[in-house]
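Colleague: Got a structure for you, written out below as structure tokens; questions coming shortly.
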Amino acid sequence: MSVRASDLKNNVYVAKQLALTVESGRVVHAFAFIGGSAEDRAEIGSWLAQYLLCSSPDQGPCGECLSCRKFAHQNHEDFIRIGKQDGKESIVKDQILELIDRLSFKPFGGRYAVLIEDAQLMNAVTQNKLLKTLEEPVSEAVMILLSETADGLLPTVLSRCSCYYLESSEADTFGKDADAARAYAKLIAEGAPFYRKKAELADIISDKDGGRARALAFLDVLEDELRKDAVAGAGRGAGNTDRQTNAIRQAELCRRYLKQLHSVGFTLKHMCLRV
């Protein structure tokens, strides 16, 4: 049975972003899923691995092809799962060395999908062993790292991954943040002062655990609203849509900073000053 992005209830926003990436063919060689619950990280990581290996993907793994059936039965030749071994406190260096050795052979299909659970349990020595593979990636392999916190991974490792931050709780904050984004777009159109725009972002900025994921979701809705405003303005003959265009540019810059692990509060406040 096909599992589309919209079926992942706790990770639907991140899954939709991933679907756009996979369907476009612009898959990076390493992903990191950070925060949220262990169950949510496992869900999105396994879903992406199956998606990348699927022979007939459509906004998610089809669930019916030979690859998906092998994945479901946990005997897919190109799926590699790494986690803490029984009796060990961490993922040890030898596990990564074994992985590197296996990746030296070509996969049976188009690529390997490597899922590293509890990646924060790798010590600095182990992560540095993995780093060489991330720096000089095997083109037929995609790494998927699951980590409880960003602090558990070396900055050099994080910088080589496309990072996604999961919500820290099951509370539905997306609707509230979407409303804040629409209100923010109206404030931009009005030329509202800094303090009013900052007030719309206060709840996201104060969220120390899920703020980054919420900020990225906020920016998605904000950009949609800004584009609608720009089109509507041009349609009415308003002519000058420079304010919306600049705001879209600043939102994209804000997104880039967030993905580079800049402070959520500082990045959002900087955007408030610029638009």
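Please note that chains go A, B, ... in the order of the structure tokens, that every chain numbers its residues from 1, and that ligands are numbered from 1 in the order shown.
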Go through range 124-157 of chain A and flag each residue having an atom no more than 12 Å from range 52-63 of chain A; for those, report the closest pair of atoms plus their distance in Å to one decimal, using only C-alpha atoms, ordered by chain and rising number, as a tab-separated table.

Modeller:
```
residue	atom	partner	partner_atom	distance
A:Glu140	CA	A:Leu52	CA	11.0
A:Ala141	CA	A:Leu52	CA	10.0
A:Val142	CA	A:Leu52	CA	8.4
A:Met143	CA	A:Leu52	CA	10.8
A:Ile144	CA	A:Leu52	CA	10.9
```

Colleague: Could the residues in this selection be saved with N, CA and C atoms as a PDB file, in the first residue's frame?

Modeller:
```
ATOM      1  N   GLU A 140      26.267   6.218  -4.954  1.00  0.00           N
ATOM      2  CA  GLU A 140      25.133   5.287  -4.903  1.00  0.00           C
ATOM      3  C   GLU A 140      24.584   5.107  -3.490  1.00  0.00           C
ATOM      4  N   ALA A 141      24.968   5.967  -2.552  1.00  0.00           N
ATOM      5  CA  ALA A 141      24.500   5.811  -1.175  1.00  0.00           C
ATOM      6  C   ALA A 141      23.920   7.108  -0.643  1.00  0.00           C
ATOM      7  N   VAL A 142      22.819   6.993   0.102  1.00  0.00           N
ATOM      8  CA  VAL A 142      22.234   8.128   0.809  1.00  0.00           C
ATOM      9  C   VAL A 142      22.211   7.794   2.296  1.00  0.00           C
ATOM     10  N   MET A 143      22.797   8.663   3.097  1.00  0.00           N
ATOM     11  CA  MET A 143      22.840   8.475   4.546  1.00  0.00           C
ATOM     12  C   MET A 143      21.661   9.198   5.199  1.00  0.00           C
ATOM     13  N   ILE A 144      21.037   8.552   6.180  1.00  0.00           N
ATOM     14  CA  ILE A 144      19.931   9.151   6.928  1.00  0.00           C
ATOM     15  C   ILE A 144      20.278   9.046   8.410  1.00  0.00           C
TER      16      ILE A 144
END
```

Colleague: Quick one: residues within 10 Å of range 178-185 of chain A, only C-alpha atoms, excluding same-chain residues fewer than 3 positions away - as an NGL selection string?

Modeller: :A and (173-175 or 188-192 or 196-204 or 214-215 or 217-227 or 229 or 244 or 247 or 272 or 275)

Colleague: What would the file look like if the residues just selected were written as a compact mmCIF listing (two decimals), in the first residue's frame with N, CA and C atoms?

Modeller:
```txt
# COMPACT_ATOMS: atom_id res chain seq x y z
N THR A 173 0.74 22.65 16.17
CA THR A 173 1.08 24.08 16.13
C THR A 173 1.02 24.64 14.72
N PHE A 174 0.88 23.76 13.73
CA PHE A 174 0.97 24.25 12.35
C PHE A 174 -0.13 25.25 12.04
N GLY A 175 -1.36 24.96 12.47
CA GLY A 175 -2.46 25.88 12.18
C GLY A 175 -2.23 27.25 12.79
N ILE A 188 3.33 43.20 6.59
CA ILE A 188 4.30 43.64 5.58
C ILE A 188 3.62 44.57 4.58
N ALA A 189 2.42 44.18 4.14
CA ALA A 189 1.69 45.01 3.17
C ALA A 189 1.37 46.39 3.75
N GLU A 190 1.14 46.43 5.06
CA GLU A 190 0.82 47.70 5.72
C GLU A 190 2.06 48.53 6.05
N GLY A 191 3.25 47.91 5.94
CA GLY A 191 4.47 48.60 6.35
C GLY A 191 4.54 48.76 7.86
N ALA A 192 4.06 47.75 8.59
CA ALA A 192 4.00 47.82 10.06
C ALA A 192 5.39 47.88 10.67
N ARG A 196 5.53 45.14 15.99
CA ARG A 196 4.29 44.41 15.67
C ARG A 196 4.60 43.10 14.94
N LYS A 197 5.58 43.14 14.05
CA LYS A 197 5.95 41.92 13.34
C LYS A 197 6.62 40.92 14.30
N LYS A 198 7.45 41.42 15.17
CA LYS A 198 8.11 40.54 16.14
C LYS A 198 7.08 39.85 17.04
N ALA A 199 6.01 40.57 17.38
CA ALA A 199 4.97 40.00 18.25
C ALA A 199 4.34 38.76 17.62
N GLU A 200 4.19 38.74 16.29
CA GLU A 200 3.60 37.58 15.63
C GLU A 200 4.51 36.36 15.70
N LEU A 201 5.81 36.61 15.93
CA LEU A 201 6.79 35.52 15.95
C LEU A 201 7.18 35.10 17.37
N ALA A 202 6.62 35.77 18.37
CA ALA A 202 7.05 35.56 19.74
C ALA A 202 6.92 34.10 20.19
N ASP A 203 5.83 33.44 19.82
CA ASP A 203 5.61 32.06 20.27
C ASP A 203 6.62 31.11 19.65
N ILE A 204 6.94 31.32 18.37
CA ILE A 204 7.93 30.47 17.71
C ILE A 204 9.31 30.71 18.32
N ARG A 214 9.19 24.88 13.38
CA ARG A 214 8.03 25.77 13.25
C ARG A 214 8.36 27.00 12.41
N ALA A 215 9.57 27.52 12.57
CA ALA A 215 9.98 28.69 11.80
C ALA A 215 10.02 28.37 10.31
N ALA A 217 8.26 26.06 8.79
CA ALA A 217 6.87 25.92 8.34
C ALA A 217 6.22 27.30 8.17
N PHE A 218 6.48 28.18 9.10
CA PHE A 218 5.99 29.57 9.03
C PHE A 218 6.44 30.24 7.74
N LEU A 219 7.71 30.06 7.38
CA LEU A 219 8.24 30.69 6.18
C LEU A 219 7.58 30.15 4.92
N ASP A 220 7.25 28.86 4.90
CA ASP A 220 6.56 28.29 3.74
C ASP A 220 5.23 29.00 3.48
N VAL A 221 4.44 29.13 4.55
CA VAL A 221 3.13 29.78 4.42
C VAL A 221 3.30 31.26 4.08
N LEU A 222 4.27 31.90 4.74
CA LEU A 222 4.51 33.33 4.49
C LEU A 222 4.84 33.58 3.03
N GLU A 223 5.71 32.78 2.46
CA GLU A 223 6.09 32.99 1.06
C GLU A 223 4.90 32.79 0.13
N ASP A 224 4.07 31.80 0.42
CA ASP A 224 2.85 31.60 -0.38
C ASP A 224 1.97 32.84 -0.33
N GLU A 225 1.78 33.38 0.87
CA GLU A 225 0.94 34.57 1.02
C GLU A 225 1.55 35.77 0.30
N LEU A 226 2.84 35.93 0.39
CA LEU A 226 3.51 37.06 -0.27
C LEU A 226 3.39 36.97 -1.79
N ARG A 227 3.50 35.77 -2.31
CA ARG A 227 3.37 35.59 -3.76
C ARG A 227 1.95 35.90 -4.22
N ASP A 229 -0.08 37.97 -2.74
CA ASP A 229 -0.24 39.43 -2.65
C ASP A 229 0.41 40.12 -3.85
N GLN A 244 6.72 43.10 -1.55
CA GLN A 244 6.53 41.66 -1.47
C GLN A 244 7.76 40.91 -2.01
N ALA A 247 10.41 40.99 0.50
CA ALA A 247 10.05 40.14 1.63
C ALA A 247 10.30 38.66 1.30
N CYS A 272 12.51 40.51 10.68
CA CYS A 272 11.57 41.56 11.04
C CYS A 272 12.13 42.95 10.75
N VAL A 275 12.23 43.47 6.61
CA VAL A 275 10.98 43.53 5.80
C VAL A 275 9.84 44.09 6.65
```

Colleague: Choose the residue, out of A:Lys106, A:Lys259, A:Lys9, A:Lys228, that has the smallest atom-to-atom separation from Cys161 in chain A; count only C-alpha atoms.

Modeller: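 Looking only at the distances to Cys161 in chain A, the closest residue turns out to be A:Lys259.
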
Colleague: Measuring atom to atom with only C-alpha atoms, identify which of A:Trp47, A:Gln74, A:Ser139, A:Ala38 is nearest to Phe105 in chain A.

Modeller: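 Selected residue with least distance to Phe105 in chain A: A:Ser139.
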
Colleague: Select, from A:Ala251, A:Leu8, A:Leu103, A:Leu115, the residue with the minimum atom-to-atom distance to Ile82 in chain A, counting only C-alpha atoms.

Modeller: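 Smallest distance to Ile82 in chain A is found for A:Leu115.
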
Colleague: Looking at A:Ile80, A:Ile100, A:Leu121, A:Leu166, which one is nearest to Ile44 in chain A, with distances taken over only C-alpha atoms?

Modeller: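 Residue with the minimum atom-to-atom distance to Ile44 in chain A: A:Leu166.
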
Colleague: Tell me, which residues of range 37-237 of chain A carry DSSP helix (DSSP H, G or I), written as an MDAnalysis selection string?

Modeller: chainID A and resid 38:53 66:72 93:103 119:121 124:135 150:152 155:158 174:190 194:206 211:235
